[in-house]
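Below is one structure; the comments refer to it alone.
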Amino acid sequence: MIVADQLNKHFKIYETKKGFIGSFTSLVSTKHHVVKAVNDISFNIREGEFVGYIGPNGAGKSTTIKMLSGILHPTGGNIEVAGLSPQKRRKEVARKIGIVFGQRTQLWWDLPLRDSFDILKEMYKVPDAKYQQFLKLYDDLLQIGKFMNTPVRKLSLGQRMRGDLAAAMIHDPDVLFLDEPTIGLDVNAKTSIRSFLKELNTKEKKTILLTTHDMDDIEQLCSRVIVINHGQIVLDGTLEELRRNIGLPSVMEVQYRERPKNVTAKLNGIEKMRWDHDKLVLMYDRSVLSSPSLLQEVTKWGEPVDIQMKEPDIEEVIQKIY
Amino acid sequence: MNLYLKLLSGSLRSRMQYKMNFLVSSLSYGLIMAVDFVLLAAILQRFDDVKGWNLYEVGLLYGISSVAITLYRVFGVEIHNFERYMVEGEFDSLLIRPVSPLSLLLTKNLDLSRIGGTAQGVIILVISIIGLRLDSFDRLLLLLYLPVSIASGTVICFSLGLLTATLAFWTQRIKDFQTFTLYAPFNAANYPMNIYPGWLKIIFFTVIPVGFMNYTPVLFILDKGGSIWNLALPPAVALAFLFFALRFWQFGIRHYHSTGS
């Protein structure tokens, strides 16, 4: 469904200067350095797969998605989305894919949500009957009916994201590209969006490529994970393989009243332990060691004044791969 | 067509959300244009003749040129402010639609506050046509040809705007260029081309072909020179230039870099 074959994207970074002279010299100057944002990436995503595409900031995730959707032209390599090249047949591909950028809405900012949908309906030439069906279905799935008549700029981030997701589905695309759809959302909003995506994938058999910084998104949604760093694929496999390779460590930070002298416990499941100033940072595998039993353990070492639980971020996970 | 109307009505309703801002900007723009007009009249009152062109004849050139550029400013507002799409990376959202980015840009917004400028240009044209006291044949010819001339001028202006906007794919910013590719040439085209030195004339009849929209046809209609071909040239040049601008725009899109997120 989505095929990338030896995909490359190199950016020439020119020095830009201010003012007219500056813009003019940057137009003719050849002084630049090349950044390989995407460096020889190949993968094949089959119909109905739900793939997590993860990596640290600047790893090339967004650049890949922009090439897959026809926004950017690759420096080298081939792409096929739903059997077509997004570069050569951008408009046809646009009808077959839905895109959500978590950081930027595709909706008409000053218009009610309903008007954005009406415009998109015309743009994608969705028949009336299908459109009515769509409105009903997505009100059931995402409860967008409640704020259909509110201007988009007045929606909460969670509502706006639900609106964006529905808007991306209006033409019933087979493929979905989601670039950080849960960024900045609270737990409730994340949960409702995850269950919606799950449903799209299992019931509607949509092929979904998702980038995220949230390991929970990956754990709960993705059957396959592609990890990239510095524009190259570091790992392409199932969630289990990712877990086996690097674990998906949870993090506990403990602050003691007095720094305990012997923290020597070798409990099964603790993967890493280090002192960050006067805080003890523990990384552990939740599937082996439950949080309550670790809590019990850390209280044996000394008297804690503060305990914080954290989910690991992608950056830390990627570092572990090396 | 349906989509075009939907998009336009959408953008107008977005605009109307900020009524105060809309009113103030229309008013201030109208005021600036009025001051501009008064200045021109004052200058022409002093020197009642510019290299063989009297006040009304110059008024004809001025009217065509200012109607052309203000129509471009009304309909091409997003082209004119295109650097925003580069700097803020908003161009991405145009490329994910099954419609050409250019038609999305043209339907995204209308700058109605510039209509005041168009109206002012039309008024100058009316005053000039009355003041010229042409014989009935020439007057009819002029009236018939004016729409062609204005349309050619608008297309030339749009093409220049699009060419300048395309530069943004490489330079990001284009505001500095617009002074040279749009404002200055259209100001220059308010006056007869024969007042300019040779090298400037060459520019205005080649790379920035503003001379064709008003000077070339008016020269013939007012019996100041040229042949019947002077009437065929403006639309021909405008279309050729538009074709070139569209090709360059397509070329630019392929070099679009996008911004990191």
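Going through the structure tokens in order, the chains are called A, B, and so on, while each chain numbers its residues from 1 and the ligands are numbered from 1 in the order shown.
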
Using only C-alpha atoms, which residues sit within 8 Å of stretch 119-136 of chain B once same-chain residues fewer than 4 positions away are excluded, as a ChimeraX atom specification? /B:33-34,55-57,59-60,62-64,66-67,115,140

Keeping only N, CA and C atoms, write the selected residues to a file as a short mmCIF file (atom, residue, chain, number, x, y, z; two decimals), in the first residue's frame.
```
data_model
loop_
_atom_site.label_atom_id
_atom_site.label_comp_id
_atom_site.auth_asym_id
_atom_site.auth_seq_id
_atom_site.Cartn_x
_atom_site.Cartn_y
_atom_site.Cartn_z
N MET B 33 -5.08 56.36 -1.72
CA MET B 33 -5.25 56.48 -3.16
C MET B 33 -5.73 57.87 -3.54
N ALA B 34 -6.62 58.43 -2.75
CA ALA B 34 -7.17 59.76 -3.04
C ALA B 34 -6.06 60.81 -3.00
N LEU B 55 -3.00 66.32 -19.81
CA LEU B 55 -3.52 65.76 -18.56
C LEU B 55 -4.45 64.56 -18.80
N TYR B 56 -5.38 64.68 -19.76
CA TYR B 56 -6.37 63.61 -19.95
C TYR B 56 -5.75 62.38 -20.60
N GLU B 57 -4.78 62.63 -21.46
CA GLU B 57 -4.12 61.49 -22.09
C GLU B 57 -3.32 60.70 -21.07
N GLY B 59 -4.03 60.74 -17.96
CA GLY B 59 -5.07 60.16 -17.10
C GLY B 59 -5.52 58.80 -17.60
N LEU B 60 -5.58 58.66 -18.92
CA LEU B 60 -5.97 57.39 -19.52
C LEU B 60 -4.97 56.28 -19.15
N TYR B 62 -2.84 56.37 -16.67
CA TYR B 62 -2.86 56.23 -15.21
C TYR B 62 -4.04 55.35 -14.78
N GLY B 63 -5.20 55.62 -15.39
CA GLY B 63 -6.41 54.86 -15.01
C GLY B 63 -6.25 53.38 -15.31
N ILE B 64 -5.78 53.06 -16.52
CA ILE B 64 -5.62 51.65 -16.89
C ILE B 64 -4.66 50.95 -15.95
N SER B 66 -3.69 51.79 -12.90
CA SER B 66 -4.08 51.62 -11.50
C SER B 66 -5.26 50.66 -11.36
N VAL B 67 -6.16 50.62 -12.35
CA VAL B 67 -7.23 49.62 -12.27
C VAL B 67 -6.62 48.21 -12.35
N ILE B 115 -10.75 47.50 -3.51
CA ILE B 115 -11.75 47.90 -4.50
C ILE B 115 -11.80 49.43 -4.61
N LEU B 140 -15.60 55.42 -29.45
CA LEU B 140 -16.17 54.07 -29.44
C LEU B 140 -15.06 53.02 -29.39
#
```

Would you kindly report the residues of chain B within 8 Å of chain A, using only C-alpha atoms, as a PyMOL selection string? chain B and resi 2-3+6-7+10+13-14+17+92-93+95-100+170-171+173+176-177+254-258+260-261

Within stretch 47-283 of chain A, find each residue whose DSSP state, derived from the backbone, is alpha helix (DSSP H), and express the selection as a count of residues only. 84

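Using only C-alpha atoms, the nearest neighbour of A:Asn44 within the list A:Arg224, A:His213, A:Lys272, A:His230 is A:Arg224.
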
Strand (DSSP E) positions in stretch 57-161 of chain A, given as a PyMOL selection string: chain A and resi 76-81+97-101

Selection file, C-alpha atoms, as an mmCIF file, in the first residue's frame:
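Final output, saved to selection-v2.cif:
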```cif
data_model
loop_
_atom_site.group_PDB
_atom_site.id
_atom_site.type_symbol
_atom_site.label_atom_id
_atom_site.label_comp_id
_atom_site.auth_asym_id
_atom_site.auth_seq_id
_atom_site.Cartn_x
_atom_site.Cartn_y
_atom_site.Cartn_z
ATOM 1 C CA GLY A 76 16.408 10.088 -5.021
ATOM 2 C CA GLY A 77 14.437 6.868 -4.799
ATOM 3 C CA ASN A 78 10.884 5.831 -5.545
ATOM 4 C CA ILE A 79 7.568 6.064 -3.741
ATOM 5 C CA GLU A 80 4.296 4.332 -4.367
ATOM 6 C CA VAL A 81 1.157 5.114 -2.420
ATOM 7 C CA ILE A 97 -4.919 9.621 1.387
ATOM 8 C CA GLY A 98 -5.926 11.527 4.482
ATOM 9 C CA ILE A 99 -3.380 13.635 6.343
ATOM 10 C CA VAL A 100 -3.379 15.091 9.831
ATOM 11 C CA PHE A 101 -0.622 17.334 11.105
#
```

Name the closest residue to B:Phe137 among the candidates B:Phe91, B:Ala168, B:Ile221, B:Cys157; distances are taken between atoms, counting only C-alpha atoms.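 Selected residue with least distance to B:Phe137: B:Ile221.
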
Which neighbours of A:Lys205 fall inside 10 Å, counting only C-alpha atoms, when residues of the same chain fewer than 2 positions from it are skipped, and could you give them as a ChimeraX atom specification? /A:47-50,174-175,198-203,207-208

Could you write out the selected residues, including N, CA and C atoms, as a PDB file, in the first residue's frame?
```pdb
ATOM      1  N   GLU A  47      -1.523  -3.376   3.105  1.00  0.00           N
ATOM      2  CA  GLU A  47      -2.865  -2.894   3.375  1.00  0.00           C
ATOM      3  C   GLU A  47      -3.310  -3.327   4.776  1.00  0.00           C
ATOM      4  N   GLY A  48      -3.890  -2.385   5.520  1.00  0.00           N
ATOM      5  CA  GLY A  48      -4.439  -2.706   6.828  1.00  0.00           C
ATOM      6  C   GLY A  48      -3.438  -2.680   7.961  1.00  0.00           C
ATOM      7  N   GLU A  49      -2.173  -2.373   7.669  1.00  0.00           N
ATOM      8  CA  GLU A  49      -1.188  -2.296   8.742  1.00  0.00           C
ATOM      9  C   GLU A  49      -1.310  -0.966   9.492  1.00  0.00           C
ATOM     10  N   PHE A  50      -0.954  -1.009  10.766  1.00  0.00           N
ATOM     11  CA  PHE A  50      -0.899   0.202  11.577  1.00  0.00           C
ATOM     12  C   PHE A  50       0.549   0.364  12.023  1.00  0.00           C
ATOM     13  N   ASP A 174      -8.065   5.430   1.734  1.00  0.00           N
ATOM     14  CA  ASP A 174      -7.603   4.109   2.176  1.00  0.00           C
ATOM     15  C   ASP A 174      -6.396   4.213   3.088  1.00  0.00           C
ATOM     16  N   VAL A 175      -5.629   5.302   2.896  1.00  0.00           N
ATOM     17  CA  VAL A 175      -4.370   5.457   3.625  1.00  0.00           C
ATOM     18  C   VAL A 175      -4.439   6.711   4.483  1.00  0.00           C
ATOM     19  N   LYS A 198      -7.942   3.118  16.515  1.00  0.00           N
ATOM     20  CA  LYS A 198      -7.984   1.655  16.598  1.00  0.00           C
ATOM     21  C   LYS A 198      -9.150   1.131  15.750  1.00  0.00           C
ATOM     22  N   GLU A 199     -10.284   1.798  15.907  1.00  0.00           N
ATOM     23  CA  GLU A 199     -11.492   1.398  15.193  1.00  0.00           C
ATOM     24  C   GLU A 199     -11.317   1.544  13.677  1.00  0.00           C
ATOM     25  N   LEU A 200     -10.722   2.657  13.278  1.00  0.00           N
ATOM     26  CA  LEU A 200     -10.475   2.889  11.848  1.00  0.00           C
ATOM     27  C   LEU A 200      -9.651   1.748  11.268  1.00  0.00           C
ATOM     28  N   ASN A 201      -8.666   1.343  12.031  1.00  0.00           N
ATOM     29  CA  ASN A 201      -7.749   0.322  11.544  1.00  0.00           C
ATOM     30  C   ASN A 201      -8.393  -1.066  11.528  1.00  0.00           C
ATOM     31  N   THR A 202      -9.085  -1.425  12.610  1.00  0.00           N
ATOM     32  CA  THR A 202      -9.611  -2.787  12.689  1.00  0.00           C
ATOM     33  C   THR A 202     -10.902  -2.946  11.901  1.00  0.00           C
ATOM     34  N   LYS A 203     -11.826  -1.967  12.037  1.00  0.00           N
ATOM     35  CA  LYS A 203     -13.120  -2.117  11.372  1.00  0.00           C
ATOM     36  C   LYS A 203     -13.100  -1.667   9.921  1.00  0.00           C
ATOM     37  N   THR A 207      -5.160   1.702   6.213  1.00  0.00           N
ATOM     38  CA  THR A 207      -3.720   1.585   6.423  1.00  0.00           C
ATOM     39  C   THR A 207      -3.243   2.882   7.062  1.00  0.00           C
ATOM     40  N   ILE A 208      -2.564   2.779   8.194  1.00  0.00           N
ATOM     41  CA  ILE A 208      -2.220   3.999   8.928  1.00  0.00           C
ATOM     42  C   ILE A 208      -0.728   4.073   9.231  1.00  0.00           C
TER      43      ILE A 208
END
```
